[in-house]
Amino acid sequence: MKITFLGTSHGVPEVDRKCTSILIEAGECRYIVDMGTHTAEALTTKGIAVDSINAIFITHFHGDHTNGLVSYLDLCSWYYKKADPQIFLPGNIDGPIKAIDLWIRCNGNSLRDFRFNGVEGGLLFDDGTVKVLAYPTKHTNNSYAYLIEAEGKRVLYTGDLSNTPEDDFPKQFLEFSLDLVIGESAHFEATKYLDILKDAKEINSLCITHYSPRFFPSVEELEKAKVPYKVFRAYDGLEIIL
Ligand SMILES: [Zn+2]
């Protein structure tokens, strides 16, 4: 499984970081988790066909995770007509579908018929290559963390959490051996992960993404901590092969 961080910023773009988007490649398949504004452009820059995405998983509806979905579906409605991703949206999906269609209609086009799905906790997706389990978090009324399994590897992506992650982190997934935890630090000190992860069964690596400048010192502190897993921060363009 290959993970590419297309965007790692924290809600607003930084000089060298764009908003959140992660590309996952397994076998011949490609998946995206969250879509910051630039996602379609980032795929093109990487030489990845925009219409080759098998599924899209949105963690929650804040714009830094979703605005790129609008431009992606716009492009796929009038240009990349072979694109046929399954699209997983938290909450009631009718509103967002109507809103995106209205936006595209301003330009004289309309939203094509895509395979939209809602998100509920539990097993969300299994295409034989990648399996995704969803877990509701308290960041918003409809926000989710995702456990992603492919090629014998297991990755936990927290999405955004509340500012009390000790009450919010999907601890049930810590009963599994995890090859990688991708955690945010825009709403709390990254060092809070030390306590949250201390009883984990087995973690290979912890990657901090979506960190804000005000919590950056805590990311550096976490990187220096003595823990039984590797800690590092994400940056735009980072590729991890598991
Ligand atoms: Zn958010």
# chains A, B, ... in the order shown; residues from 1 in each chain; ligands from 1
>>> closest_atom_pairs(of="region 128-201 of chain A", to="region 88-108 of chain A", cutoff="8 Å", atoms="only C-alpha atoms", output="Markdown table")
| residue | atom | partner | partner_atom | distance |
| --- | --- | --- | --- | --- |
| A:Asn142 | CA | A:Gly91 | CA | 5.5 |
| A:Ser143 | CA | A:Pro90 | CA | 6.5 |
| A:Tyr144 | CA | A:Pro90 | CA | 7.6 |
>>> select_by_dssp(residues="region 81-119 of chain A", states="helix (DSSP H, G or I)", output="list in words")
Asp94, Gly95, Pro96, Ile97, Lys98, Ala99, Ile100, Asp101, Leu102, Trp103, Ile104 and Arg105 of chain A
>>> residues_around(residues="Phe188 (chain A)", least_positions_apart="2", cutoff="7 Å", atoms="only C-alpha atoms", output="list in words")
Asn163, Ser185, Ala186, Ala190 and Phe215 of chain A
>>> closest_residue(among="A:Glu25, A:Asp236, A:Asp167, A:Val15", to="Glu151 (chain A)", atoms="only C-alpha atoms")
A:Glu25
>>> residues_around(residues="region 177-180 of chain A", least_positions_apart="6", cutoff="12 Å", atoms="only C-alpha atoms", output="compact mmCIF listing (two decimals) with N, CA, C and O atoms, in the first residue's frame")
# COMPACT_ATOMS: atom_id res chain seq x y z
N MET A 1 0.86 -1.20 0.00
CA MET A 1 0.00 0.00 0.00
C MET A 1 0.89 1.24 0.00
O MET A 1 1.86 1.31 0.74
N LYS A 2 0.55 2.17 -0.87
CA LYS A 2 1.31 3.42 -0.93
C LYS A 2 0.39 4.58 -0.55
O LYS A 2 -0.72 4.69 -1.05
N ILE A 3 0.90 5.42 0.33
CA ILE A 3 0.12 6.57 0.80
C ILE A 3 0.86 7.83 0.39
O ILE A 3 2.05 7.97 0.68
N LEU A 147 -10.50 3.41 9.45
CA LEU A 147 -9.48 2.36 9.51
C LEU A 147 -9.40 1.74 8.11
O LEU A 147 -10.41 1.26 7.60
N ILE A 148 -8.23 1.79 7.53
CA ILE A 148 -8.07 1.39 6.14
C ILE A 148 -7.15 0.17 6.08
O ILE A 148 -6.02 0.23 6.60
N GLU A 149 -7.63 -0.91 5.49
CA GLU A 149 -6.84 -2.14 5.41
C GLU A 149 -6.62 -2.51 3.95
O GLU A 149 -7.56 -2.51 3.16
N ALA A 150 -5.36 -2.80 3.60
CA ALA A 150 -5.06 -3.25 2.24
C ALA A 150 -3.72 -3.95 2.25
O ALA A 150 -2.80 -3.57 2.98
N GLU A 151 -3.61 -4.98 1.44
CA GLU A 151 -2.34 -5.71 1.25
C GLU A 151 -1.72 -6.11 2.58
O GLU A 151 -0.51 -6.04 2.77
N GLY A 152 -2.56 -6.53 3.52
CA GLY A 152 -2.07 -7.01 4.82
C GLY A 152 -1.61 -5.90 5.75
O GLY A 152 -1.02 -6.19 6.80
N LYS A 153 -1.86 -4.65 5.38
CA LYS A 153 -1.45 -3.52 6.22
C LYS A 153 -2.69 -2.79 6.74
O LYS A 153 -3.77 -2.85 6.13
N ARG A 154 -2.50 -2.10 7.86
CA ARG A 154 -3.62 -1.44 8.50
C ARG A 154 -3.24 -0.01 8.89
O ARG A 154 -2.23 0.20 9.57
N VAL A 155 -4.05 0.95 8.44
CA VAL A 155 -3.78 2.37 8.69
C VAL A 155 -4.99 3.00 9.36
O VAL A 155 -6.12 2.82 8.90
N LEU A 156 -4.76 3.72 10.43
CA LEU A 156 -5.84 4.46 11.08
C LEU A 156 -5.66 5.95 10.80
O LEU A 156 -4.61 6.53 11.11
N TYR A 157 -6.66 6.55 10.20
CA TYR A 157 -6.65 7.98 9.92
C TYR A 157 -7.70 8.63 10.82
O TYR A 157 -8.89 8.33 10.69
N THR A 158 -7.27 9.53 11.70
CA THR A 158 -8.22 10.07 12.69
C THR A 158 -9.21 11.05 12.09
O THR A 158 -10.26 11.30 12.68
N LYS A 171 -10.53 4.62 20.10
CA LYS A 171 -9.66 3.69 20.83
C LYS A 171 -9.93 2.23 20.52
O LYS A 171 -9.06 1.38 20.73
N LEU A 197 -2.18 6.73 23.11
CA LEU A 197 -1.67 5.53 22.44
C LEU A 197 -0.90 4.59 23.37
O LEU A 197 -0.41 3.56 22.94
N ASP A 199 -1.70 2.46 25.59
CA ASP A 199 -2.17 1.08 25.76
C ASP A 199 -2.43 0.37 24.43
O ASP A 199 -3.08 -0.67 24.40
N ALA A 200 -1.96 0.95 23.36
CA ALA A 200 -2.21 0.34 22.04
C ALA A 200 -1.54 -1.03 21.96
O ALA A 200 -0.47 -1.24 22.55
N LYS A 201 -2.15 -1.93 21.24
CA LYS A 201 -1.59 -3.28 21.10
C LYS A 201 -0.24 -3.22 20.41
O LYS A 201 0.76 -3.71 20.91
N GLU A 202 -0.23 -2.60 19.25
CA GLU A 202 1.03 -2.49 18.48
C GLU A 202 0.86 -1.39 17.43
O GLU A 202 -0.05 -1.43 16.62
N ILE A 203 1.76 -0.43 17.49
CA ILE A 203 1.77 0.63 16.48
C ILE A 203 3.17 0.72 15.90
O ILE A 203 4.15 0.75 16.65
N ASN A 204 3.24 0.73 14.60
CA ASN A 204 4.55 0.84 13.97
C ASN A 204 5.00 2.29 13.84
O ASN A 204 6.12 2.64 14.19
N SER A 205 4.09 3.15 13.35
CA SER A 205 4.44 4.56 13.13
C SER A 205 3.26 5.46 13.43
O SER A 205 2.10 5.08 13.22
N LEU A 206 3.59 6.66 13.87
CA LEU A 206 2.59 7.71 14.06
C LEU A 206 3.00 8.91 13.22
O LEU A 206 4.10 9.44 13.38
N CYS A 207 2.12 9.29 12.32
CA CYS A 207 2.41 10.43 11.44
C CYS A 207 1.45 11.57 11.80
O CYS A 207 0.23 11.39 11.80
N ILE A 208 2.01 12.73 12.11
CA ILE A 208 1.17 13.88 12.45
C ILE A 208 0.99 14.74 11.21
O ILE A 208 1.95 15.18 10.57
N TYR A 229 7.15 3.43 18.94
CA TYR A 229 6.79 3.57 17.53
C TYR A 229 7.50 4.80 16.98
O TYR A 229 7.90 5.69 17.72
N LYS A 230 7.64 4.78 15.66
CA LYS A 230 8.31 5.91 15.00
C LYS A 230 7.33 7.09 14.90
O LYS A 230 6.15 6.88 14.58
N VAL A 231 7.81 8.29 15.16
CA VAL A 231 6.95 9.49 15.04
C VAL A 231 7.55 10.43 14.00
O VAL A 231 8.76 10.70 14.02
N PHE A 232 6.73 10.91 13.13
CA PHE A 232 7.20 11.89 12.15
C PHE A 232 6.02 12.74 11.70
O PHE A 232 4.88 12.39 11.90
N ILE A 240 4.56 7.27 1.57
CA ILE A 240 4.88 6.20 2.51
C ILE A 240 4.49 4.89 1.85
O ILE A 240 3.36 4.73 1.39
N ILE A 241 5.43 3.95 1.81
CA ILE A 241 5.10 2.62 1.28
C ILE A 241 5.09 1.64 2.43
O ILE A 241 6.06 1.53 3.19
N LEU A 242 3.97 0.98 2.63
CA LEU A 242 3.84 0.02 3.72
C LEU A 242 3.94 -1.40 3.18
O LEU A 242 3.56 -1.66 2.05
>>> residues_around(residues="Ser71 (chain A)", least_positions_apart="3", cutoff="10 Å", atoms="only C-alpha atoms", output="PyMOL selection string")
chain A and resi 35-41+66-68+74-77+100+103-104
>>> write_last_selection(atoms="C-alpha atoms", output="PDB file, in the first residue's frame")
ATOM      1  CA  MET A  35     -10.330  16.544  -0.823  1.00  0.00           C
ATOM      2  CA  GLY A  36      -8.742  19.932  -0.150  1.00  0.00           C
ATOM      3  CA  THR A  37      -9.251  22.491  -2.902  1.00  0.00           C
ATOM      4  CA  HIS A  38      -6.251  21.491  -4.990  1.00  0.00           C
ATOM      5  CA  THR A  39      -6.790  17.714  -5.107  1.00  0.00           C
ATOM      6  CA  ALA A  40      -7.487  17.302  -8.832  1.00  0.00           C
ATOM      7  CA  GLU A  41      -4.501  19.509  -9.701  1.00  0.00           C
ATOM      8  CA  THR A  66     -14.320  18.950   0.828  1.00  0.00           C
ATOM      9  CA  ASN A  67     -13.928  21.990  -1.416  1.00  0.00           C
ATOM     10  CA  GLY A  68     -11.790  19.966  -3.810  1.00  0.00           C
ATOM     11  CA  ASP A  74     -17.173  19.451 -11.927  1.00  0.00           C
ATOM     12  CA  LEU A  75     -14.207  18.206 -14.004  1.00  0.00           C
ATOM     13  CA  CYS A  76     -15.546  14.642 -14.017  1.00  0.00           C
ATOM     14  CA  SER A  77     -18.996  15.838 -15.114  1.00  0.00           C
ATOM     15  CA  ILE A 100     -22.735  20.646  -6.073  1.00  0.00           C
ATOM     16  CA  TRP A 103     -22.877  25.110  -8.478  1.00  0.00           C
ATOM     17  CA  ILE A 104     -22.053  23.261 -11.699  1.00  0.00           C
TER      18      ILE A 104
END
>>> select_by_dssp(residues="region 15-177 of chain A", states="strand (DSSP E)", output="PyMOL selection string")
chain A and resi 21-26+29-35+55-57+86-90+115-119+122-126+130-137+143-150+153-157+177
>>> residues_near_ligand(ligand="ligand 1", cutoff="10 Å", atoms="only C-alpha atoms and all ligand atoms", output="tab-separated table (two decimals) with N, CA, C and O atoms, in the first residue's frame")
chain	number	residue	atom	x	y	z
A	10	HIS	N	-3.82	22.69	7.78
A	10	HIS	CA	-4.64	22.53	8.98
A	10	HIS	C	-5.99	23.24	8.91
A	10	HIS	O	-6.64	23.44	9.92
A	11	GLY	N	-6.41	23.65	7.75
A	11	GLY	CA	-7.70	24.35	7.67
A	11	GLY	C	-7.55	25.56	6.77
A	11	GLY	O	-8.47	25.91	6.04
A	20	THR	N	-6.13	19.46	3.31
A	20	THR	CA	-6.03	18.01	3.49
A	20	THR	C	-6.48	17.16	2.31
A	20	THR	O	-7.60	17.32	1.81
A	59	THR	N	-14.09	12.69	5.44
A	59	THR	CA	-14.21	12.50	6.90
A	59	THR	C	-15.29	13.39	7.51
A	59	THR	O	-15.98	13.01	8.43
A	60	HIS	N	-15.39	14.63	6.99
A	60	HIS	CA	-16.42	15.56	7.47
A	60	HIS	C	-16.49	16.74	6.50
A	60	HIS	O	-15.64	16.88	5.63
A	61	PHE	N	-17.51	17.58	6.70
A	61	PHE	CA	-17.83	18.54	5.65
A	61	PHE	C	-17.14	19.90	5.76
A	61	PHE	O	-17.50	20.81	5.03
A	62	HIS	N	-16.18	20.06	6.62
A	62	HIS	CA	-15.47	21.34	6.63
A	62	HIS	C	-14.76	21.54	5.29
A	62	HIS	O	-14.26	20.57	4.68
A	63	GLY	N	-14.71	22.81	4.85
A	63	GLY	CA	-14.27	23.11	3.49
A	63	GLY	C	-12.86	22.64	3.17
A	63	GLY	O	-12.56	22.30	2.02
A	64	ASP	N	-11.99	22.63	4.18
A	64	ASP	CA	-10.61	22.21	3.90
A	64	ASP	C	-10.51	20.72	3.59
A	64	ASP	O	-9.47	20.25	3.16
A	65	HIS	N	-11.60	19.99	3.80
A	65	HIS	CA	-11.63	18.56	3.48
A	65	HIS	C	-12.53	18.24	2.29
A	65	HIS	O	-12.56	17.10	1.83
A	66	THR	N	-13.29	19.25	1.84
A	66	THR	CA	-14.32	18.95	0.83
A	66	THR	C	-14.33	19.86	-0.40
A	66	THR	O	-14.91	19.49	-1.41
A	139	HIS	N	-15.76	15.65	16.30
A	139	HIS	CA	-15.30	16.91	15.71
A	139	HIS	C	-16.48	17.75	15.23
A	139	HIS	O	-16.53	18.96	15.45
A	140	THR	N	-17.42	17.09	14.54
A	140	THR	CA	-18.69	17.74	14.15
A	140	THR	C	-19.81	16.73	14.42
A	140	THR	O	-19.55	15.62	14.90
A	143	SER	N	-18.80	13.42	11.72
A	143	SER	CA	-17.38	13.31	11.38
A	143	SER	C	-16.91	11.90	11.71
A	143	SER	O	-17.42	11.28	12.64
A	159	GLY	N	-8.89	11.62	10.91
A	159	GLY	CA	-9.65	12.79	10.48
A	159	GLY	C	-9.46	13.86	11.53
A	159	GLY	O	-8.50	13.81	12.33
A	160	ASP	N	-10.35	14.84	11.57
A	160	ASP	CA	-10.27	15.85	12.63
A	160	ASP	C	-10.98	15.32	13.87
A	160	ASP	O	-12.02	14.67	13.78
A	161	LEU	N	-10.43	15.65	15.03
A	161	LEU	CA	-11.03	15.24	16.30
A	161	LEU	C	-11.51	16.50	17.03
A	161	LEU	O	-11.30	17.63	16.58
A	162	SER	N	-12.10	16.31	18.19
A	162	SER	CA	-12.48	17.46	19.02
A	162	SER	C	-11.24	17.96	19.76
A	162	SER	O	-10.16	17.36	19.63
A	184	GLU	N	-4.23	14.06	13.51
A	184	GLU	CA	-4.22	15.51	13.31
A	184	GLU	C	-3.69	16.22	14.55
A	184	GLU	O	-3.66	15.65	15.65
A	186	ALA	N	-4.54	19.97	14.84
A	186	ALA	CA	-5.01	21.34	14.61
A	186	ALA	C	-5.89	21.81	15.77
A	186	ALA	O	-6.16	22.99	15.89
A	187	HIS	N	-6.34	20.85	16.59
A	187	HIS	CA	-7.30	21.19	17.65
A	187	HIS	C	-6.78	20.88	19.05
A	187	HIS	O	-7.50	21.07	20.02
A	210	HIS	N	-1.95	17.83	9.30
A	210	HIS	CA	-3.02	18.77	9.64
A	210	HIS	C	-2.68	19.51	10.94
A	210	HIS	O	-3.55	19.84	11.73
>>> closest_residue(among="A:Glu189, A:Tyr80, A:Gly237, A:Gly118", to="Arg214 (chain A)", atoms="only C-alpha atoms")
A:Glu189
>>> atom_distance(atom1="CA of Asn141 (chain A)", atom2="CA of Phe169 (chain A)")
15.1 Å
>>> closest_residue(among="A:Lys81, A:Lys46, A:Arg233, A:Arg115", to="Gly183 (chain A)", atoms="only C-alpha atoms")
A:Arg233
>>> closest_residue(among="A:Val132, A:Val181, A:Val227, A:Leu73", to="Tyr31 (chain A)", atoms="only C-alpha atoms")
A:Val132
>>> closest_residue(among="A:Asp168, A:Asp51, A:Asp84, A:Glu239", to="Leu23 (chain A)", atoms="only C-alpha atoms")
A:Glu239
